[in-house]
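Enquirer: Sharing start14.txt here; it has compact mmCIF, C-alpha atoms.
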# COMPACT_ATOMS: atom_id res chain seq x y z
CA MET N 1 121.53 102.97 66.16
CA ARG N 2 120.54 99.29 65.99
CA GLN N 3 119.08 98.05 62.71
CA GLU N 4 115.44 97.07 62.34
CA VAL N 5 115.01 93.31 62.04
CA SER N 6 112.31 91.12 60.57
CA LYS N 7 110.06 89.13 62.87
CA SER N 8 111.76 85.88 61.89
CA THR N 9 115.11 87.07 63.29
CA PHE N 10 113.93 87.90 66.82
CA PRO N 11 115.80 85.51 69.12
CA LEU N 12 112.96 85.70 71.63
CA GLU N 13 109.40 86.92 71.37
CA ALA N 14 106.33 86.96 73.60
CA ARG N 15 102.79 87.12 72.25
CA ASP N 16 99.65 87.67 74.33
CA ILE N 17 101.33 86.46 77.51
CA SER N 18 99.28 86.31 80.69
CA VAL N 19 100.59 84.96 84.02
CA VAL N 20 98.27 84.11 86.90
CA LEU N 21 99.59 83.35 90.38
CA GLY N 22 97.33 82.49 93.28
CA GLY N 23 94.30 83.26 91.18
CA VAL N 24 95.52 86.79 90.46
CA LYS N 25 96.71 88.01 87.07
CA VAL N 26 100.20 89.42 87.78
CA LEU N 27 101.54 89.89 84.26
CA GLU N 28 99.99 90.76 80.91
CA VAL N 29 102.21 91.33 77.88
CA PRO N 30 100.46 91.63 74.51
CA SER N 31 103.71 91.77 72.55
CA LEU N 32 107.45 91.89 73.21
CA GLN N 33 110.33 91.29 70.82
CA VAL N 34 113.93 90.93 71.93
CA VAL N 35 116.42 92.24 69.36
CA PRO N 36 119.58 90.24 68.51
CA ASP N 37 122.72 91.27 70.43
CA GLU N 38 120.89 93.82 72.55
CA VAL N 39 120.91 94.35 76.30
CA LEU N 40 117.28 94.81 77.33
CA VAL N 41 117.05 96.09 80.90
CA VAL N 42 113.75 95.66 82.75
CA ILE N 43 113.07 98.20 85.50
CA GLY N 44 110.05 98.95 87.64
CA PRO N 45 108.86 99.29 91.24
CA ASN N 46 108.92 96.38 93.67
CA GLY N 47 106.10 93.97 92.93
CA SER N 48 105.67 95.17 89.35
CA GLY N 49 106.32 91.73 87.85
CA LYS N 50 109.93 92.08 86.70
CA THR N 51 111.13 88.69 87.91
CA THR N 52 107.89 87.06 86.74
CA LEU N 53 108.52 88.42 83.25
CA LEU N 54 112.11 87.19 83.24
CA LEU N 55 111.16 83.69 84.43
CA THR N 56 108.39 83.50 81.84
CA LEU N 57 110.66 84.54 78.98
CA ALA N 58 113.28 82.04 80.16
CA GLY N 59 110.72 79.23 80.13
CA LEU N 60 110.97 78.71 83.89
CA LEU N 61 107.40 79.85 84.57
CA ARG N 62 104.53 78.69 82.41
CA PRO N 63 102.07 81.43 81.44
CA ALA N 64 98.32 80.91 81.78
CA SER N 65 97.97 81.90 78.13
CA GLY N 66 100.04 83.17 75.25
CA THR N 67 103.10 82.02 73.35
CA ILE N 68 106.87 82.28 73.77
CA LEU N 69 108.79 82.03 70.51
CA TYR N 70 112.49 81.18 70.30
CA GLN N 71 114.12 81.97 66.95
CA GLY N 72 110.63 82.27 65.48
CA GLN N 73 109.45 78.86 66.71
CA ALA N 74 106.75 78.47 69.37
CA VAL N 75 107.94 76.85 72.59
CA ASN N 76 105.09 74.57 73.66
CA GLY N 77 105.91 70.99 74.63
CA LYS N 78 108.57 69.57 76.93
CA THR N 79 110.92 68.84 74.02
CA GLU N 80 110.85 72.42 72.77
CA MET N 81 111.25 73.70 76.33
CA LEU N 82 114.30 71.51 76.90
CA LYS N 83 115.86 72.77 73.66
CA LEU N 84 115.22 76.34 74.81
CA HIS N 85 116.78 75.77 78.24
CA ARG N 86 119.92 74.37 76.61
CA ARG N 87 120.39 77.63 74.71
CA LEU N 88 119.90 79.92 77.71
CA ALA N 89 121.76 80.82 80.89
CA VAL N 90 120.20 82.42 83.96
CA VAL N 91 122.00 84.29 86.75
CA PHE N 92 119.93 84.99 89.86
CA GLN N 93 120.42 87.43 92.71
CA GLU N 94 121.60 84.50 94.85
CA PRO N 95 124.50 82.73 93.07
CA LEU N 96 122.98 79.26 93.81
CA LEU N 97 126.35 77.48 93.99
CA LEU N 98 126.89 73.81 94.78
CA ASN N 99 128.67 72.88 98.00
CA SER N 100 131.79 72.10 95.99
CA THR N 101 134.74 73.89 94.39
CA VAL N 102 134.59 76.96 92.17
CA TRP N 103 135.81 74.77 89.29
CA ASP N 104 133.00 72.27 89.80
CA ASN N 105 130.45 75.09 89.83
CA VAL N 106 131.74 76.77 86.69
CA THR N 107 131.87 73.49 84.77
CA LEU N 108 128.56 72.11 86.05
CA GLY N 109 126.38 73.18 83.12
CA LEU N 110 128.94 72.02 80.58
CA ARG N 111 129.15 68.57 82.19
CA LEU N 112 125.36 68.28 82.28
CA ARG N 113 125.23 69.13 78.59
CA GLY N 114 127.79 66.47 77.69
CA VAL N 115 130.56 68.80 76.50
CA ASN N 116 133.88 66.94 76.07
CA LYS N 117 136.57 67.33 78.73
CA GLU N 118 139.02 69.35 76.65
CA GLU N 119 136.34 71.85 75.67
CA ILE N 120 135.19 72.09 79.30
CA LYS N 121 138.75 72.84 80.40
CA THR N 122 139.22 75.49 77.71
CA ARG N 123 135.95 77.29 78.41
CA ALA N 124 136.23 77.12 82.18
CA ASN N 125 139.78 78.45 82.24
CA LYS N 126 138.82 81.27 79.89
CA TRP N 127 135.92 82.53 82.01
CA LEU N 128 137.60 81.99 85.36
CA GLU N 129 140.42 84.18 84.08
CA ARG N 130 138.08 86.71 82.48
CA PHE N 131 136.18 87.29 85.72
CA GLY N 132 139.35 87.42 87.80
CA ILE N 133 138.77 84.25 89.84
CA ALA N 134 141.23 81.78 88.24
CA SER N 135 143.19 81.63 91.50
CA LEU N 136 140.02 80.52 93.29
CA ALA N 137 139.32 77.47 91.12
CA GLY N 138 140.14 75.02 93.92
CA ARG N 139 138.34 76.94 96.65
CA GLN N 140 135.14 75.66 98.23
CA ALA N 141 132.17 77.79 97.20
CA LYS N 142 131.03 78.20 100.81
CA THR N 143 134.25 80.10 101.61
CA LEU N 144 133.73 82.74 98.90
CA SER N 145 132.82 86.36 99.52
CA GLY N 146 129.61 87.69 98.01
CA GLY N 147 131.46 89.25 95.10
CA GLU N 148 133.51 86.11 94.42
CA ALA N 149 130.36 83.98 94.45
CA LYS N 150 128.64 86.28 91.95
CA ARG N 151 131.69 86.21 89.68
CA THR N 152 131.61 82.41 89.84
CA SER N 153 127.95 82.45 88.84
CA LEU N 154 128.69 84.75 85.89
CA ALA N 155 131.64 82.60 84.76
CA ARG N 156 129.37 79.53 84.87
CA ALA N 157 126.78 81.31 82.71
CA PHE N 158 129.21 82.60 80.08
CA ALA N 159 131.00 79.24 79.85
CA LEU N 160 127.75 77.83 78.44
CA GLN N 161 128.01 80.22 75.47
CA PRO N 162 124.26 80.89 75.65
CA ASP N 163 122.23 82.44 72.87
CA ILE N 164 120.39 84.50 75.49
CA LEU N 165 121.54 85.48 78.97
CA PHE N 166 119.06 86.32 81.75
CA LEU N 167 120.05 88.20 84.90
CA ASP N 168 117.77 88.84 87.86
CA GLU N 169 119.25 91.53 90.15
CA ALA N 170 122.62 89.83 89.63
CA PHE N 171 124.66 92.67 91.17
CA ASN N 172 122.45 93.32 94.17
CA GLY N 173 123.80 92.97 97.70
CA LEU N 174 127.37 94.08 96.98
CA ASP N 175 129.21 97.06 98.43
CA SER N 176 129.48 99.98 96.01
CA HIS N 177 133.12 99.33 95.04
CA SER N 178 132.61 95.60 94.36
CA ARG N 179 129.39 96.33 92.49
CA GLN N 180 130.96 98.94 90.23
CA SER N 181 133.99 96.75 89.51
CA MET N 182 131.79 93.79 88.59
CA ILE N 183 129.49 95.88 86.40
CA GLU N 184 132.50 97.26 84.52
CA ASP N 185 133.82 93.72 83.91
CA PHE N 186 130.36 92.55 82.87
CA GLU N 187 129.90 95.46 80.45
CA SER N 188 133.28 94.70 78.87
CA VAL N 189 132.35 91.03 78.43
CA LEU N 190 129.02 91.93 76.82
CA ARG N 191 130.79 94.19 74.32
CA GLU N 192 133.12 91.33 73.40
CA THR N 193 130.56 88.52 73.22
CA ARG N 194 127.49 90.45 72.00
CA ILE N 195 125.26 87.95 73.78
CA THR N 196 121.60 88.92 73.73
CA THR N 197 120.84 89.79 77.35
CA ILE N 198 117.68 90.41 79.36
CA MET N 199 118.43 91.95 82.72
CA VAL N 200 116.19 92.85 85.66
CA THR N 201 117.37 95.58 88.02
CA HIS N 202 115.99 98.13 90.47
CA ASP N 203 119.01 100.37 89.87
CA SER N 204 118.47 103.11 87.27
CA ASN N 205 122.23 103.65 86.97
CA GLU N 206 122.66 100.06 85.81
CA ALA N 207 120.00 100.64 83.17
CA LEU N 208 121.68 103.84 81.99
CA GLY N 209 125.10 102.20 81.87
CA LEU N 210 124.28 98.84 80.29
CA ALA N 211 121.04 99.02 78.31
CA HIS N 212 120.47 99.37 74.60
CA ARG N 213 116.77 99.42 75.42
CA VAL N 214 114.90 99.89 78.68
CA LEU N 215 111.54 98.32 79.51
CA VAL N 216 109.50 99.91 82.29
CA LEU N 217 107.11 97.45 83.94
CA MET N 218 104.38 98.64 86.30
CA ASP N 219 101.52 96.63 87.78
CA GLY N 220 102.32 93.75 85.45
CA HIS N 221 102.06 95.86 82.27
CA ILE N 222 104.70 97.34 79.97
CA ARG N 223 104.33 101.08 80.39
CA GLN N 224 107.20 102.10 78.15
CA ILE N 225 109.96 100.49 76.11
CA GLY N 226 112.62 102.35 74.17
CA THR N 227 116.23 103.43 74.15
CA ARG N 228 117.62 104.57 77.48
CA GLU N 229 117.56 108.15 76.20
CA GLU N 230 113.88 107.87 75.25
CA VAL N 231 112.82 106.39 78.57
CA PHE N 232 114.89 108.58 80.88
CA SER N 233 114.55 111.85 78.96
CA ASN N 234 111.08 111.38 77.47
CA PRO N 235 109.00 109.31 79.91
CA VAL N 236 105.58 108.39 78.58
CA ASP N 237 103.63 109.53 81.64
CA GLU N 238 103.99 111.07 85.08
CA GLN N 239 104.30 107.76 86.91
CA VAL N 240 107.15 106.61 84.69
CA ALA N 241 108.77 110.03 85.00
CA GLU N 242 108.76 109.80 88.78
CA PHE N 243 110.21 106.29 88.70
CA VAL N 244 113.11 107.15 86.37
CA GLY N 245 114.17 110.08 88.53
CA VAL N 246 112.44 113.11 87.05
CA GLU N 247 112.02 114.98 90.34
CA ASN N 248 110.56 118.11 88.82
CA ILE N 249 107.03 117.47 87.54
CA ILE N 250 105.12 120.73 87.27
CA ASP N 251 101.49 121.07 86.20
CA GLY N 252 100.46 123.90 83.90
CA VAL N 253 98.33 124.97 80.95
CA VAL N 254 99.58 125.77 77.45
CA ALA N 255 99.08 129.51 76.88
CA LEU N 256 100.78 129.80 73.50
CA ASN N 257 102.48 127.78 70.80
CA GLN N 258 104.77 129.58 68.38
CA GLY N 259 106.54 127.36 65.91
CA GLY N 260 106.81 124.41 68.28
CA ILE N 261 107.89 126.49 71.29
CA VAL N 262 105.11 126.44 73.87
CA THR N 263 104.60 128.85 76.72
CA VAL N 264 103.08 127.02 79.67
CA GLN N 265 101.40 128.97 82.43
CA VAL N 266 102.48 127.69 85.84
CA GLY N 267 100.65 129.76 88.43
CA LYS N 268 101.89 133.32 87.96
CA ASP N 269 104.95 132.17 86.02
CA ALA N 270 105.49 130.95 82.47
CA VAL N 271 107.79 128.16 81.32
CA GLU N 272 108.92 127.70 77.72
CA ALA N 273 109.38 124.23 76.26
CA VAL N 274 109.51 122.38 72.96
CA SER N 275 106.15 120.75 72.22
CA ASP N 276 103.32 120.39 69.72
CA TYR N 277 100.57 120.90 72.31
CA THR N 278 98.16 123.73 71.67
CA HIS N 279 96.52 126.55 73.60
CA GLY N 280 94.44 125.44 76.57
CA GLU N 281 95.80 121.92 76.91
CA LYS N 282 96.65 120.80 80.43
CA VAL N 283 100.17 119.44 80.65
CA SER N 284 102.86 118.30 83.07
CA LEU N 285 106.40 119.61 82.62
CA CYS N 286 109.13 117.06 83.39
CA ILE N 287 112.58 118.47 84.13
CA ARG N 288 115.44 116.30 85.29
CA PRO N 289 117.35 117.90 88.19
CA GLU N 290 120.65 117.74 86.29
CA GLU N 291 119.13 119.98 83.56
CA ILE N 292 118.89 122.90 86.01
CA THR N 293 121.80 125.31 86.47
CA LEU N 294 122.14 127.65 89.45
CA ALA N 295 123.64 131.14 89.70
CA GLY N 296 123.79 133.96 92.21
CA SER N 297 122.51 136.44 89.62
CA ARG N 298 120.46 136.35 86.45
CA ALA N 299 123.30 135.55 84.09
CA SER N 300 123.11 135.94 80.32
CA SER N 301 122.72 132.49 78.73
CA SER N 302 120.90 130.59 76.00
CA ALA N 303 118.46 129.14 78.56
CA ARG N 304 114.93 130.36 77.83
CA ASN N 305 113.82 129.79 81.42
CA SER N 306 115.28 131.58 84.44
CA PHE N 307 113.54 132.02 87.78
CA ALA N 308 114.47 133.82 90.97
CA GLY N 309 113.94 131.81 94.12
CA ALA N 310 115.21 130.90 97.54
CA ILE N 311 116.94 127.70 98.62
CA THR N 312 114.83 125.63 100.99
CA ARG N 313 117.20 122.69 101.48
CA VAL N 314 120.66 121.42 100.49
CA VAL N 315 121.56 117.74 100.85
CA SER N 316 125.00 116.44 99.83
CA PHE N 317 125.79 112.82 99.02
CA GLY N 318 129.09 111.69 97.60
CA ALA N 319 130.29 114.13 94.95
CA LEU N 320 126.83 115.62 94.38
CA SER N 321 124.50 118.06 96.11
CA ARG N 322 120.71 118.11 95.79
CA VAL N 323 119.36 121.66 96.03
CA GLU N 324 115.67 122.34 96.65
CA ILE N 325 114.39 125.77 95.59
CA ASP N 326 111.15 127.71 95.94
CA CYS N 327 110.61 129.74 92.76
CA GLY N 328 106.88 130.22 93.32
CA PHE N 329 106.80 126.54 92.36
CA PRO N 330 109.24 123.93 93.68
CA LEU N 331 112.37 122.94 91.76
CA VAL N 332 115.15 120.47 92.52
CA ALA N 333 118.61 120.88 91.03
CA LEU N 334 121.49 118.40 91.10
CA ILE N 335 124.96 119.93 91.02
CA THR N 336 128.43 118.93 92.16
CA LYS N 337 129.22 119.24 95.83
CA ARG N 338 132.21 121.37 94.91
CA SER N 339 129.98 123.85 93.04
CA ALA N 340 127.59 124.02 96.00
CA GLU N 341 130.50 124.78 98.34
CA GLU N 342 132.01 127.40 96.01
CA MET N 343 128.61 129.14 95.75
CA ASN N 344 128.14 128.82 99.51
CA LEU N 345 124.65 127.44 99.00
CA ASP N 346 122.53 127.20 102.13
CA LYS N 347 118.91 127.35 103.21
CA GLY N 348 117.33 130.78 102.65
CA LYS N 349 119.93 132.03 100.18
CA PRO N 350 118.53 133.77 97.05
CA ILE N 351 119.33 131.91 93.84
CA TYR N 352 118.50 131.89 90.14
CA ALA N 353 117.49 128.56 88.58
CA SER N 354 117.76 128.25 84.79
CA PHE N 355 117.02 125.53 82.26
CA LYS N 356 116.66 125.31 78.50
CA ALA N 357 113.39 124.76 76.66
CA THR N 358 114.92 121.59 75.22
CA GLY N 359 115.45 120.30 78.77
CA VAL N 360 111.70 120.18 79.42
CA HIS N 361 109.68 117.11 78.46
CA VAL N 362 105.97 117.90 78.13
CA ILE N 363 103.32 115.28 78.95
CA LYS N 364 99.60 115.78 78.41
CA ARG N 365 97.54 115.38 81.58
Spit out the file's structure as structure tokens when you get a sec.
Expert:
Amino acid sequence: MRQEVSKSTFPLEARDISVVLGGVKVLEVPSLQVVPDEVLVVIGPNGSGKTTLLLTLAGLLRPASGTILYQGQAVNGKTEMLKLHRRLAVVFQEPLLLNSTVWDNVTLGLRLRGVNKEEIKTRANKWLERFGIASLAGRQAKTLSGGEAKRTSLARAFALQPDILFLDEAFNGLDSHSRQSMIEDFESVLRETRITTIMVTHDSNEALGLAHRVLVLMDGHIRQIGTREEVFSNPVDEQVAEFVGVENIIDGVVALNQGGIVTVQVGKDAVEAVSDYTHGEKVSLCIRPEEITLAGSRASSSARNSFAGAITRVVSFGALSRVEIDCGFPLVALITKRSAEEMNLDKGKPIYASFKATGVHVIKR
């Protein structure tokens, strides 16, 4: 658990930010504080304003109104903006490398900032080695693979020793193996350096793997911000739930509440969940597919919810299988491909779907 900090210690803060592009308001952020040493991952649908938010926080896009504060000080004039830029590093989806050597690209920012030659050599060698591209130092950037170019861009950013690191879809466009390898290296570096990082991604797995906090941006507004567990397990509304991968969203009405355990009427069936909602309230039940277990018979377990149904579809991808079930209401379960094969799951087969009351997140409609 990260400690609460006073306002004066926020490395970056936005107050009453509004961004207008082409006469249209595309971003409105009343308040946002970035916590020291954290990785804040910004997710949201295409066109939600993620990159606009990142550019605004990095001082690369001027808002129509509002204030950006760096270390508690408002960033207004050109002098303050220049000071801010010298303390930041930005890595974009495209590496944006010079038509020169890897060494020249990694050392570019240091040379522009007037760092002495010995320090440049020390820093550049360290980060070339750390990102596994020391042997490429003399190579021309135009000859690099996509993964090598992105590693060069990351080495250039970390060599600057920034107070805050910004990444905009930095791992996009790579094959799955290269992407996973680079993310693992990046995560290791963040643990070592503890650099405050703001990262935009469309990939929920990146958010789950890297984030201390997750910010969900939709239609230019912050819909939810919290720990990754809060956002992915307790989405604030149905739209956020759908975006973060809660495939099972079931509408019902609270029929009973006994000591914080609610019984929700869903058609002819009843689902139990943990909630404070009271009798008669209309709710949506959010159940992640990995919370659902499948069995050929109604097995004895601690799960308070178990429903008989029939499989309507099985789709396998990689090591997982997605199983769609009709239980009088639709459910989707995510299990291992091996389990699906061992159970001989196929369309039309009877099945029992079970899930615990604690696995249900209840949202008021």
Enquirer: If we count only C-alpha atoms and set the cut-off at 12 Å, which residues sit around N:Tyr277, ignoring sequence neighbours fewer than 6 positions away in its own chain? Please answer as number ranges by chain.
Expert: N: 252-264, 283-285, 361-365
Enquirer: Let me make sure I understand: among N:Val200, N:Leu61, N:Leu345, N:Leu32, which one has the smallest atom-to-atom distance to N:Val20 if we use only C-alpha atoms?
Expert: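 When distances to N:Val20 are compared using only C-alpha atoms, the smallest one comes from N:Leu61.
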Enquirer: Tell me which of N:Pro95, N:Gly72, N:Pro330, N:Gly47 sits closest to N:Leu12, counting all atoms listed in the file.
Expert: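 Of all the options, N:Gly72 lies closest to N:Leu12.
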Enquirer: May I ask for the distance between atom CA of N:Glu192 and atom CA of N:Glu229, given in Å to one decimal place?
Expert: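 Atom CA of N:Glu192 sits 23.1 Å away from atom CA of N:Glu229.
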Enquirer: Taking only C-alpha atoms into account, which of N:Thr107, N:Thr196, N:Ser316, N:Thr52 comes nearest N:Leu128?
Expert: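 When distances to N:Leu128 are compared using only C-alpha atoms, the smallest one comes from N:Thr107.
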Enquirer: Which value, in Å to one decimal, gives the distance between atom CA of N:Glu272 and atom CA of N:Arg322?
Expert: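 Atom CA of N:Glu272 sits 23.6 Å away from atom CA of N:Arg322.
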Enquirer: Between N:Ala211, N:Ala141, N:Ile287, N:Val90, which residue has the minimum interatomic distance to N:Leu154, considering all atoms listed in the file?
Expert: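 Comparing N:Ala211, N:Ala141, N:Ile287, N:Val90 against N:Leu154, the winner is N:Val90.
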Enquirer: Taking 3 positions as the minimum chain separation for residues in the same chain, which residues sit within 7 Å of N:Ala124 when counting only C-alpha atoms? Answer as a list in words.
Expert: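 Answer for this query is Val106, Thr107, Ile120, Lys121, Trp127, Leu128 and Ala159 of chain N.
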Enquirer: Might you pull out every residue within 12 Å of N:Thr358, with all atoms listed in the file counted and same-chain residues fewer than 6 positions away left off, and present them as a list of chain:residue names?
Expert: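 So, after excluding close chain neighbours, the residues are N:Ser233, N:Asn234, N:Gly260, N:Ile261, N:Val262, N:Val271, N:Glu272, N:Ala273, N:Val274, N:Ser275, N:Leu285, N:Cys286, N:Ile287, N:Arg288, N:Glu291, N:Ile292, N:Ser302, N:Ala303, N:Arg304, N:Asn305.
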Enquirer: For N:Glu184, which residue out of N:Leu97, N:Ala170, N:Leu210, N:Val35 is the nearest one, using all atoms listed in the file?
Expert: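 The shortest atom-to-atom distance to N:Glu184 comes from N:Leu210.
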Enquirer: Take the point (102.6, 97.6, 80.2) in the file's coordinates, draw a sphere of radius 10 Å around it, and report as a list in words every protein, DNA or RNA residue with an atom inside or on it, counting only C-alpha atoms.
Expert: Leu27, Glu28, Val29, Pro30, Ser31, Ser48, Leu215, Val216, Leu217, Met218, Asp219, Gly220, His221, Ile222, Arg223, Gln224 and Ile225 of chain N
Enquirer: So that I can check the surroundings of N:Lys347, please list as a PyMOL selection string every protein, DNA and RNA residue that reaches within 7 Å of it, counting all atoms listed in the file and ignoring chain neighbours fewer than 3 positions away.
Expert: chain N and resi 311-314
Enquirer: Using atom CA of N:Thr56 and atom CA of N:Leu40 as the two end points, give the distance in Å to one decimal.
Expert: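 Spanning atom CA of N:Thr56 to atom CA of N:Leu40 is a straight-line distance of 15.1 Å.
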Enquirer: First collect every listed atom of stretch 345-361 of chain N; then fit an axis-aligned box around them, widen it by 4 Å on each side, and give centre and edge lengths in Å to one decimal, as JSON.
Expert:
{"center_x": 117.2, "center_y": 125.4, "center_z": 89.2, "size_x": 23.0, "size_y": 24.7, "size_z": 36.0}
Enquirer: Check the smallest atom-to-atom distance from each of N:Gly22, N:Pro289, N:Gly44, N:Pro162 to N:Gly245 using all atoms listed in the file, then report the winner.
Expert: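 With all atoms listed in the file as the atom set, the closest residue is N:Pro289.
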Enquirer: Would you list the contacts of N:Ser65 as a list in words, taking every protein, DNA or RNA residue within 8 Å and counting only C-alpha atoms, but skipping same-chain residues closer than 5 positions in sequence?
Expert: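 Neighbouring residues, sequence-local ones excluded: Asp16, Ile17, Ser18 and Val19 of chain N.
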Enquirer: Which polymer residues, protein or nucleic acid, are no farther than 10 Å from (130.8, 74.3, 101.0), counting all atoms listed in the file, as a count of residues only?
Expert: 12
